Amino acid sequence: MTIHVALAGPGAFGQKHLDAIRNIPDVKVVSLIGREPAKTAEVAAQYGVPHTTTELAEALAMKEVDAVILCTPTPLHAAQAKACLEAGKHVQVEIPLCDVLREGEDVLALQRQTGLVAMVGHTRRFNPSHQWIHRRVVAGDYTVQQMDVQTYFFRRTNMNALGQPRSWTDHLLWHHAAHTVDLFAYQTRSPIVQAHAIQGPYHPQLKIAMDMSIQLKAANGAICTLSLSFNHDGPLGTFFRYIGDTGTYIARYDDLVQSHSKGPETPVDVSGVDVSMNGIELQDREFFAAIREGREPNASVAQVLPCYQVLHQLEQQLWADNGPAPR
């Protein structure tokens, strides 16, 4: 069957999903929802989407819509995910699921009530570089003893990846740390039992901490150190170092190299890990496959909620040390 999709949020990340869906057979985007009618219509014309609207409810009322992908501002994610489920639509919501734990718990409760597919965009689970590591862990060939992760950007204004202004403020904890907190538990196959965080001062205009450090420990003894910064004037992105019992590997998005105590890094060929090298495409393929097969997807709301429980715990620590973020 052809799955008909509505996509909310035609910005930088929404367009990554539109690009990915072009490569997936029997999936058609039939509605595009955006805040600005002219920009939304422009993106719709570029991708051949026949319907545009500024209201999610209008798209949810369309009988032909089977599923929704939400690439909207973080504060809207949980409420919009619930609206999709209440309308009888499968939903994939981009990371983070929520920035208030209670709201994420409400989404999970509704998903269990409806039985619909509800998935969160934890892309690191799908990047071929991280998949390669995960398959070795599952096979018993590799045990992660430590992860050392750096998430670095340079940010002074609310701009997206296309250089366009955002209507919301990005967040190191609830957005960027969510990737690593979830991935650490996923790669160690062990729940997080200890978590600690410290942060730098709040930015006077953006009202967010611009630097943060997080330490995690899994039940099996593995540890993770995560450094995050919006002050980094250098290469941007997230870089993962896996220190394991049989080797050290460094993942830079879809590239993976093995590190050696003597000699240069050795590239690891991950081109055959999956049908694509595009993590977003692989994430979307999993979403649509789960709908067709009537099963729980990888990165379901149920699977990733423990990550948000840890983020909530860390937020409480940070507020105790620094006070709540200014409004």
# chains A, B, ... in the order shown; residues from 1 in each chain; ligands from 1
>>> select_by_dssp(residues="region 64-159 of chain A", states="strand (DSSP E)", output="list in words")
Ala67, Val68, Ile69, Leu70, His90, Val91, Gln92, Val93, Glu94, Ala118, Met119, Val120, Gly121, Val144, Gln145, Gln146, Met147, Asp148, Val149, Gln150, Thr151 and Tyr152 of chain A
>>> residues_around(residues="region 243-253 of chain A", least_positions_apart="6", cutoff="6 Å", atoms="only C-alpha atoms", output="PyMOL selection string")
chain A and resi 143-146+259
>>> write_last_selection(atoms="C-alpha atoms", output="CSV table (one decimal), in the first residue's frame")
chain,number,residue,atom,x,y,z
A,143,THR,CA,31.6,-4.3,24.6
A,144,VAL,CA,31.5,-0.5,25.1
A,145,GLN,CA,33.5,0.4,28.2
A,146,GLN,CA,33.4,4.2,27.7
A,259,SER,CA,41.9,4.5,16.3
>>> closest_residue(among="A:Pro267, A:Gly237, A:Pro204, A:Gly221", to="Ala325 (chain A)", atoms="only C-alpha atoms")
A:Pro204
>>> select_by_dssp(residues="region 50-238 of chain A", states="helix (DSSP H, G or I)", output="ChimeraX atom specification")
/A:56-60,74-86,101-114,123-125,128-139,172-188
>>> closest_residue(among="A:Ala8, A:Ala20, A:Leu56, A:Ala45", to="Thr72 (chain A)", atoms="only C-alpha atoms")
A:Ala8
>>> residues_around(residues="Asp255 (chain A)", least_positions_apart="6", cutoff="8 Å", atoms="only C-alpha atoms", output="list in words")
Ser129, Pro267, Val268 and Val270 of chain A
>>> atom_distance(atom1="CA of Ser213 (chain A)", atom2="CA of Ser227 (chain A)")
4.7 Å
>>> atom_distance(atom1="CA of Val257 (chain A)", atom2="CA of Asp274 (chain A)")
17.6 Å
>>> closest_residue(among="A:Leu173, A:His122, A:Asp254, A:Gln317", to="Ser276 (chain A)", atoms="only C-alpha atoms")
A:Asp254
>>> residues_around(residues="region 95-99 of chain A", least_positions_apart="4", cutoff="12 Å", atoms="only C-alpha atoms", output="ChimeraX atom specification")
/A:13,69-82,91,103-108,118-124,169-182,280,283,299-312,315
>>> residues_around(residues="Ser229 (chain A)", least_positions_apart="4", cutoff="9 Å", atoms="only C-alpha atoms", output="PyMOL selection string")
chain A and resi 150-155+172+209-213
>>> write_last_selection(atoms="N, CA and C atoms", output="PDB file, in the first residue's frame")
ATOM      1  N   GLN A 150      31.536  14.687  22.011  1.00  0.00           N
ATOM      2  CA  GLN A 150      31.623  16.147  21.933  1.00  0.00           C
ATOM      3  C   GLN A 150      30.546  16.652  20.981  1.00  0.00           C
ATOM      4  N   THR A 151      29.681  17.532  21.475  1.00  0.00           N
ATOM      5  CA  THR A 151      28.629  18.152  20.665  1.00  0.00           C
ATOM      6  C   THR A 151      28.881  19.654  20.648  1.00  0.00           C
ATOM      7  N   TYR A 152      29.369  20.150  19.511  1.00  0.00           N
ATOM      8  CA  TYR A 152      29.854  21.529  19.455  1.00  0.00           C
ATOM      9  C   TYR A 152      29.210  22.315  18.306  1.00  0.00           C
ATOM     10  N   PHE A 153      28.738  23.518  18.649  1.00  0.00           N
ATOM     11  CA  PHE A 153      28.195  24.460  17.663  1.00  0.00           C
ATOM     12  C   PHE A 153      28.657  25.859  18.041  1.00  0.00           C
ATOM     13  N   PHE A 154      28.444  26.788  17.144  1.00  0.00           N
ATOM     14  CA  PHE A 154      28.695  28.200  17.457  1.00  0.00           C
ATOM     15  C   PHE A 154      27.383  28.932  17.217  1.00  0.00           C
ATOM     16  N   ARG A 155      26.769  29.417  18.295  1.00  0.00           N
ATOM     17  CA  ARG A 155      25.422  29.978  18.182  1.00  0.00           C
ATOM     18  C   ARG A 155      25.310  31.256  18.991  1.00  0.00           C
ATOM     19  N   LEU A 172      20.703  22.723  24.712  1.00  0.00           N
ATOM     20  CA  LEU A 172      21.742  21.704  24.793  1.00  0.00           C
ATOM     21  C   LEU A 172      21.255  20.439  25.495  1.00  0.00           C
ATOM     22  N   ALA A 209      21.794  27.952  28.802  1.00  0.00           N
ATOM     23  CA  ALA A 209      23.204  27.704  29.090  1.00  0.00           C
ATOM     24  C   ALA A 209      23.908  27.398  27.778  1.00  0.00           C
ATOM     25  N   MET A 210      25.106  27.975  27.603  1.00  0.00           N
ATOM     26  CA  MET A 210      25.833  27.805  26.347  1.00  0.00           C
ATOM     27  C   MET A 210      26.892  26.706  26.435  1.00  0.00           C
ATOM     28  N   ASP A 211      27.163  26.210  27.642  1.00  0.00           N
ATOM     29  CA  ASP A 211      28.139  25.138  27.838  1.00  0.00           C
ATOM     30  C   ASP A 211      27.609  24.177  28.888  1.00  0.00           C
ATOM     31  N   MET A 212      27.876  22.885  28.683  1.00  0.00           N
ATOM     32  CA  MET A 212      27.346  21.867  29.588  1.00  0.00           C
ATOM     33  C   MET A 212      28.253  20.645  29.560  1.00  0.00           C
ATOM     34  N   SER A 213      28.337  19.968  30.691  1.00  0.00           N
ATOM     35  CA  SER A 213      29.076  18.715  30.792  1.00  0.00           C
ATOM     36  C   SER A 213      28.194  17.696  31.510  1.00  0.00           C
TER      37      SER A 213
END
>>> residues_around(residues="region 285-289 of chain A", least_positions_apart="6", cutoff="8 Å", atoms="only C-alpha atoms", output="number ranges by chain")
A: 3, 24, 92, 117, 119, 297-298
>>> closest_residue(among="A:Lys262, A:Glu281, A:Ile291, A:Glu296", to="Asp19 (chain A)", atoms="only C-alpha atoms")
A:Glu281
>>> residues_around(residues="region 184-193 of chain A", least_positions_apart="6", cutoff="7 Å", atoms="only C-alpha atoms", output="list in words")
His134, Val144, Leu216, Lys217, Ala218, Ala219 and Asn220 of chain A
>>> write_last_selection(atoms="all heavy atoms", output="PDB file, in the first residue's frame")
ATOM      1  N   HIS A 134      26.656  -1.180  16.953  1.00  0.00           N
ATOM      2  CA  HIS A 134      25.575  -1.870  17.661  1.00  0.00           C
ATOM      3  C   HIS A 134      25.498  -3.338  17.270  1.00  0.00           C
ATOM      4  O   HIS A 134      25.283  -4.210  18.132  1.00  0.00           O
ATOM      5  CB  HIS A 134      24.240  -1.179  17.361  1.00  0.00           C
ATOM      6  CG  HIS A 134      23.117  -1.670  18.223  1.00  0.00           C
ATOM      7  ND1 HIS A 134      23.017  -1.367  19.562  1.00  0.00           N
ATOM      8  CD2 HIS A 134      22.048  -2.466  17.942  1.00  0.00           C
ATOM      9  CE1 HIS A 134      21.943  -1.930  20.079  1.00  0.00           C
ATOM     10  NE2 HIS A 134      21.334  -2.612  19.110  1.00  0.00           N
ATOM     11  N   VAL A 144      31.165  -1.945  24.851  1.00  0.00           N
ATOM     12  CA  VAL A 144      31.495  -0.538  25.071  1.00  0.00           C
ATOM     13  C   VAL A 144      31.842  -0.350  26.547  1.00  0.00           C
ATOM     14  O   VAL A 144      31.034  -0.644  27.432  1.00  0.00           O
ATOM     15  CB  VAL A 144      30.321   0.374  24.679  1.00  0.00           C
ATOM     16  CG1 VAL A 144      30.662   1.829  24.993  1.00  0.00           C
ATOM     17  CG2 VAL A 144      29.980   0.204  23.201  1.00  0.00           C
ATOM     18  N   LEU A 216      27.599   9.978  32.704  1.00  0.00           N
ATOM     19  CA  LEU A 216      26.604   8.921  32.841  1.00  0.00           C
ATOM     20  C   LEU A 216      27.288   7.605  33.204  1.00  0.00           C
ATOM     21  O   LEU A 216      28.444   7.380  32.836  1.00  0.00           O
ATOM     22  CB  LEU A 216      25.846   8.722  31.529  1.00  0.00           C
ATOM     23  CG  LEU A 216      25.192   9.945  30.886  1.00  0.00           C
ATOM     24  CD1 LEU A 216      24.726   9.613  29.476  1.00  0.00           C
ATOM     25  CD2 LEU A 216      24.034  10.452  31.736  1.00  0.00           C
ATOM     26  N   LYS A 217      26.549   6.741  33.893  1.00  0.00           N
ATOM     27  CA  LYS A 217      27.026   5.385  34.152  1.00  0.00           C
ATOM     28  C   LYS A 217      25.881   4.423  33.927  1.00  0.00           C
ATOM     29  O   LYS A 217      24.755   4.649  34.385  1.00  0.00           O
ATOM     30  CB  LYS A 217      27.559   5.241  35.581  1.00  0.00           C
ATOM     31  CG  LYS A 217      28.183   3.870  35.852  1.00  0.00           C
ATOM     32  CD  LYS A 217      28.834   3.803  37.230  1.00  0.00           C
ATOM     33  CE  LYS A 217      29.519   2.451  37.445  1.00  0.00           C
ATOM     34  NZ  LYS A 217      30.202   2.389  38.754  1.00  0.00           N
ATOM     35  N   ALA A 218      26.156   3.339  33.184  1.00  0.00           N
ATOM     36  CA  ALA A 218      25.160   2.304  32.925  1.00  0.00           C
ATOM     37  C   ALA A 218      25.234   1.220  33.989  1.00  0.00           C
ATOM     38  O   ALA A 218      26.235   1.095  34.709  1.00  0.00           O
ATOM     39  CB  ALA A 218      25.377   1.706  31.537  1.00  0.00           C
ATOM     40  N   ALA A 219      24.180   0.421  34.073  1.00  0.00           N
ATOM     41  CA  ALA A 219      24.122  -0.630  35.086  1.00  0.00           C
ATOM     42  C   ALA A 219      25.237  -1.652  34.914  1.00  0.00           C
ATOM     43  O   ALA A 219      25.679  -2.258  35.895  1.00  0.00           O
ATOM     44  CB  ALA A 219      22.758  -1.321  35.033  1.00  0.00           C
ATOM     45  N   ASN A 220      25.724  -1.820  33.677  1.00  0.00           N
ATOM     46  CA  ASN A 220      26.790  -2.797  33.440  1.00  0.00           C
ATOM     47  C   ASN A 220      28.183  -2.239  33.716  1.00  0.00           C
ATOM     48  O   ASN A 220      29.181  -2.924  33.491  1.00  0.00           O
ATOM     49  CB  ASN A 220      26.704  -3.347  32.020  1.00  0.00           C
ATOM     50  CG  ASN A 220      27.044  -2.303  30.959  1.00  0.00           C
ATOM     51  OD1 ASN A 220      27.259  -1.134  31.266  1.00  0.00           O
ATOM     52  ND2 ASN A 220      27.076  -2.729  29.711  1.00  0.00           N
TER      53      ASN A 220
END
>>> closest_residue(among="A:Leu32, A:His203, A:Ala59, A:Gln194", to="Leu18 (chain A)", atoms="only C-alpha atoms")
A:Leu32
